[in-house]
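Step one of this worksheet: look at the structure below.
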Amino acid sequence: MINSWDNVTLSTYIELLDIIEGEYTELDIISLLLDVGVQELEDMPYDDMLSQIESIDFIGKPIPTKNLVNVAIDGELFYPIPFNDIEFGAFIDIEYYISSSKDYKYNINKILNILYRRLIKPSDALNKAVYEPYDNWSDTRYQMYDKVPVTSVYGVLEAYIAWRADIFEKFQGLFSDGDAMDEEEEKKMLSEMTAQERKQYQNEKNVGKWAWSLFLFKLSDRNPLKMLDAAKMNVIMAFNILSMYQELKIEEVK
């Protein structure tokens, strides 16, 4: 029986968000959390119904974020990698999962799968911890997180979103400015441009479309065969180098 956030798995939490964000009734929420059909709830004596509702009053409270250290899945421990140590390619993939859907909640399990790693070697007085590198396991084991209690991973997800906001603020010069305009605004703007200005505008739009690939292309000295190596670079180092290129107007090695 689900009677606290500790009993809510990640997949159930996503279902709950779907119900809350859509057209729903309180019975739909109760039905999901208690695994009881809506009709059965409607036929239930009033006192029993009241008792059931009281048992799930936790959904009106914030999700506790008690575990920011590790999560146990099928007998194995997975640890959140320090965000500043994330590979640039892993960061790009998370951005894809956040932006590729109208609602990134459906990709939370894939995002967590990138953030949590096996620990290869724990830290000591002289060395940082060593985590498994980002690899093709990201496409195969993300579903493991569906059955993890949401309380075990929600804090890491919140912390990452806050860290991500700081990254975009710190390196805002690398990204296009301004809010996206709607279609009518764009048409009006284009009608007032010269042919040369329209061509330049379209080129800038195309650059925005391929921005992450262009970043990797720059970091690999414009060698497509080295882009995978560039993706393994630390995300902070990658952004610092790209910022240096931009600020000092340095041309990459050709």
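Ligands are numbered from 1 in the order shown, residues from 1 within each chain, and chains are lettered A, B, ... in the order they appear in the structure tokens.
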
For Gln39 in chain A: contacts at 10 Å, only C-alpha atoms, fewer than 5 positions along chain excluded, given as number ranges by chain: A: 27, 31, 44

Distance query Asn113 in chain A at most 8 Å, only C-alpha atoms, self and fewer than 6 positions along chain excluded, as number ranges by chain: A: 138, 141-142, 145

Restrict the selected residues to N, CA and C atoms and save them as a tab-separated table (two decimals), in the first residue's frame.
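Dumped to part.tsv:
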chain	number	residue	atom	x	y	z
A	138	SER	N	24.13	3.63	-21.44
A	138	SER	CA	23.06	4.61	-21.24
A	138	SER	C	21.80	4.24	-22.01
A	141	ARG	N	20.16	0.49	-19.67
A	141	ARG	CA	19.77	0.25	-18.28
A	141	ARG	C	18.93	1.36	-17.65
A	142	TYR	N	18.45	2.31	-18.45
A	142	TYR	CA	17.70	3.42	-17.87
A	142	TYR	C	16.38	2.98	-17.25
A	145	TYR	N	15.57	2.58	-13.38
A	145	TYR	CA	15.21	3.67	-12.48
A	145	TYR	C	13.70	3.82	-12.31

Within 10 Å of Val148 in chain A using only C-alpha atoms, minus same-chain residues under 6 positions, as an MDAnalysis selection string: chainID A and resid 6:12 71:73 109

Expected file contents, prior selection, N, CA and C atoms, as a tab-separated table (two decimals), in the first residue's frame:
chain	number	residue	atom	x	y	z
A	6	ASP	N	7.92	7.60	0.18
A	6	ASP	CA	8.91	6.52	0.12
A	6	ASP	C	8.39	5.31	-0.64
A	7	ASN	N	7.09	5.17	-0.73
A	7	ASN	CA	6.49	4.02	-1.41
A	7	ASN	C	6.16	4.31	-2.88
A	8	VAL	N	6.42	5.53	-3.31
A	8	VAL	CA	6.09	5.92	-4.69
A	8	VAL	C	7.32	5.73	-5.57
A	9	THR	N	7.21	4.86	-6.57
A	9	THR	CA	8.32	4.66	-7.50
A	9	THR	C	8.36	5.81	-8.50
A	10	LEU	N	9.47	5.91	-9.22
A	10	LEU	CA	9.60	6.96	-10.21
A	10	LEU	C	8.51	6.85	-11.28
A	11	SER	N	8.23	5.62	-11.75
A	11	SER	CA	7.22	5.46	-12.79
A	11	SER	C	5.83	5.85	-12.28
A	12	THR	N	5.52	5.54	-11.01
A	12	THR	CA	4.23	5.94	-10.44
A	12	THR	C	4.16	7.45	-10.29
A	71	VAL	N	22.09	5.10	-4.75
A	71	VAL	CA	20.82	4.40	-4.89
A	71	VAL	C	21.12	2.94	-5.20
A	72	ALA	N	20.40	2.04	-4.53
A	72	ALA	CA	20.61	0.61	-4.73
A	72	ALA	C	19.59	0.08	-5.74
A	73	ILE	N	20.10	-0.59	-6.78
A	73	ILE	CA	19.24	-1.17	-7.81
A	73	ILE	C	19.72	-2.58	-8.09
A	109	ASN	N	14.03	9.06	-16.29
A	109	ASN	CA	14.81	7.84	-16.05
A	109	ASN	C	16.10	7.83	-16.86

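Between CA of Ile236 in chain A and CA of Ala159 in chain A the interatomic distance comes to 16.8 Å.
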
Mind checking DSSP for range 89-243 of chain A and telling me the strand (DSSP E) residues as an mmCIF file with N, CA and C atoms, in the first residue's frame?
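After the write, states-v7.cif holds the following:
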data_model
loop_
_atom_site.group_PDB
_atom_site.id
_atom_site.type_symbol
_atom_site.label_atom_id
_atom_site.label_comp_id
_atom_site.auth_asym_id
_atom_site.auth_seq_id
_atom_site.Cartn_x
_atom_site.Cartn_y
_atom_site.Cartn_z
ATOM 1 N N TYR A 116 23.828 8.933 -12.579
ATOM 2 C CA TYR A 116 24.264 7.924 -11.616
ATOM 3 C C TYR A 116 25.234 6.952 -12.279
ATOM 4 N N ARG A 117 26.339 6.681 -11.586
ATOM 5 C CA ARG A 117 27.376 5.798 -12.127
ATOM 6 C C ARG A 117 27.817 4.771 -11.073
ATOM 7 N N LEU A 119 30.727 3.188 -8.932
ATOM 8 C CA LEU A 119 31.949 3.740 -8.346
ATOM 9 C C LEU A 119 33.096 2.770 -8.606
ATOM 10 N N ILE A 120 34.093 3.235 -9.339
ATOM 11 C CA ILE A 120 35.248 2.395 -9.649
ATOM 12 C C ILE A 120 36.245 2.395 -8.489
ATOM 13 N N LYS A 121 36.485 3.586 -7.958
ATOM 14 C CA LYS A 121 37.436 3.711 -6.853
ATOM 15 C C LYS A 121 36.994 4.849 -5.943
ATOM 16 N N VAL A 130 36.697 7.819 -8.436
ATOM 17 C CA VAL A 130 36.689 7.518 -9.864
ATOM 18 C C VAL A 130 35.380 6.797 -10.189
ATOM 19 N N TYR A 131 34.639 7.325 -11.159
ATOM 20 C CA TYR A 131 33.364 6.736 -11.558
ATOM 21 C C TYR A 131 33.485 6.131 -12.950
#

Close residues, Ile250 in chain A itself excluded, 12 Å, only C-alpha atoms, min 5 positions apart in chain, as an NGL selection string: :A and (218 or 221 or 241-245)

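Of the residues under consideration (A:Asp146, A:Glu21, A:Asp35, A:Asp139), A:Asp35 shows the shortest atom-to-atom contact distance to Gln52 in chain A when counting only C-alpha atoms.
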
Picked from range 11-205 of chain A by DSSP as alpha helix (DSSP H), as a PyMOL selection string: chain A and resi 11-21+26-34+38-42+46-55+88-99+108-115+150-170+183-191+195-205

Distance query Asp229 in chain A at most 12 Å, only C-alpha atoms, self and fewer than 4 positions along chain excluded, as a PyMOL selection string: chain A and resi 87-89+134+216-221+223-225+233-234+238

Gap from CA of Arg164 in chain A to CA of Asp124 in chain A - Å, one decimal: 27.6 Å

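CA of Lys147 in chain A lies 19.6 Å from CA of Ile30 in chain A.
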
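Considering only C-alpha atoms, the residue among A:Asp47, A:Glu40, A:Asp135, A:Glu158 positioned nearest to Leu112 in chain A is A:Glu158.
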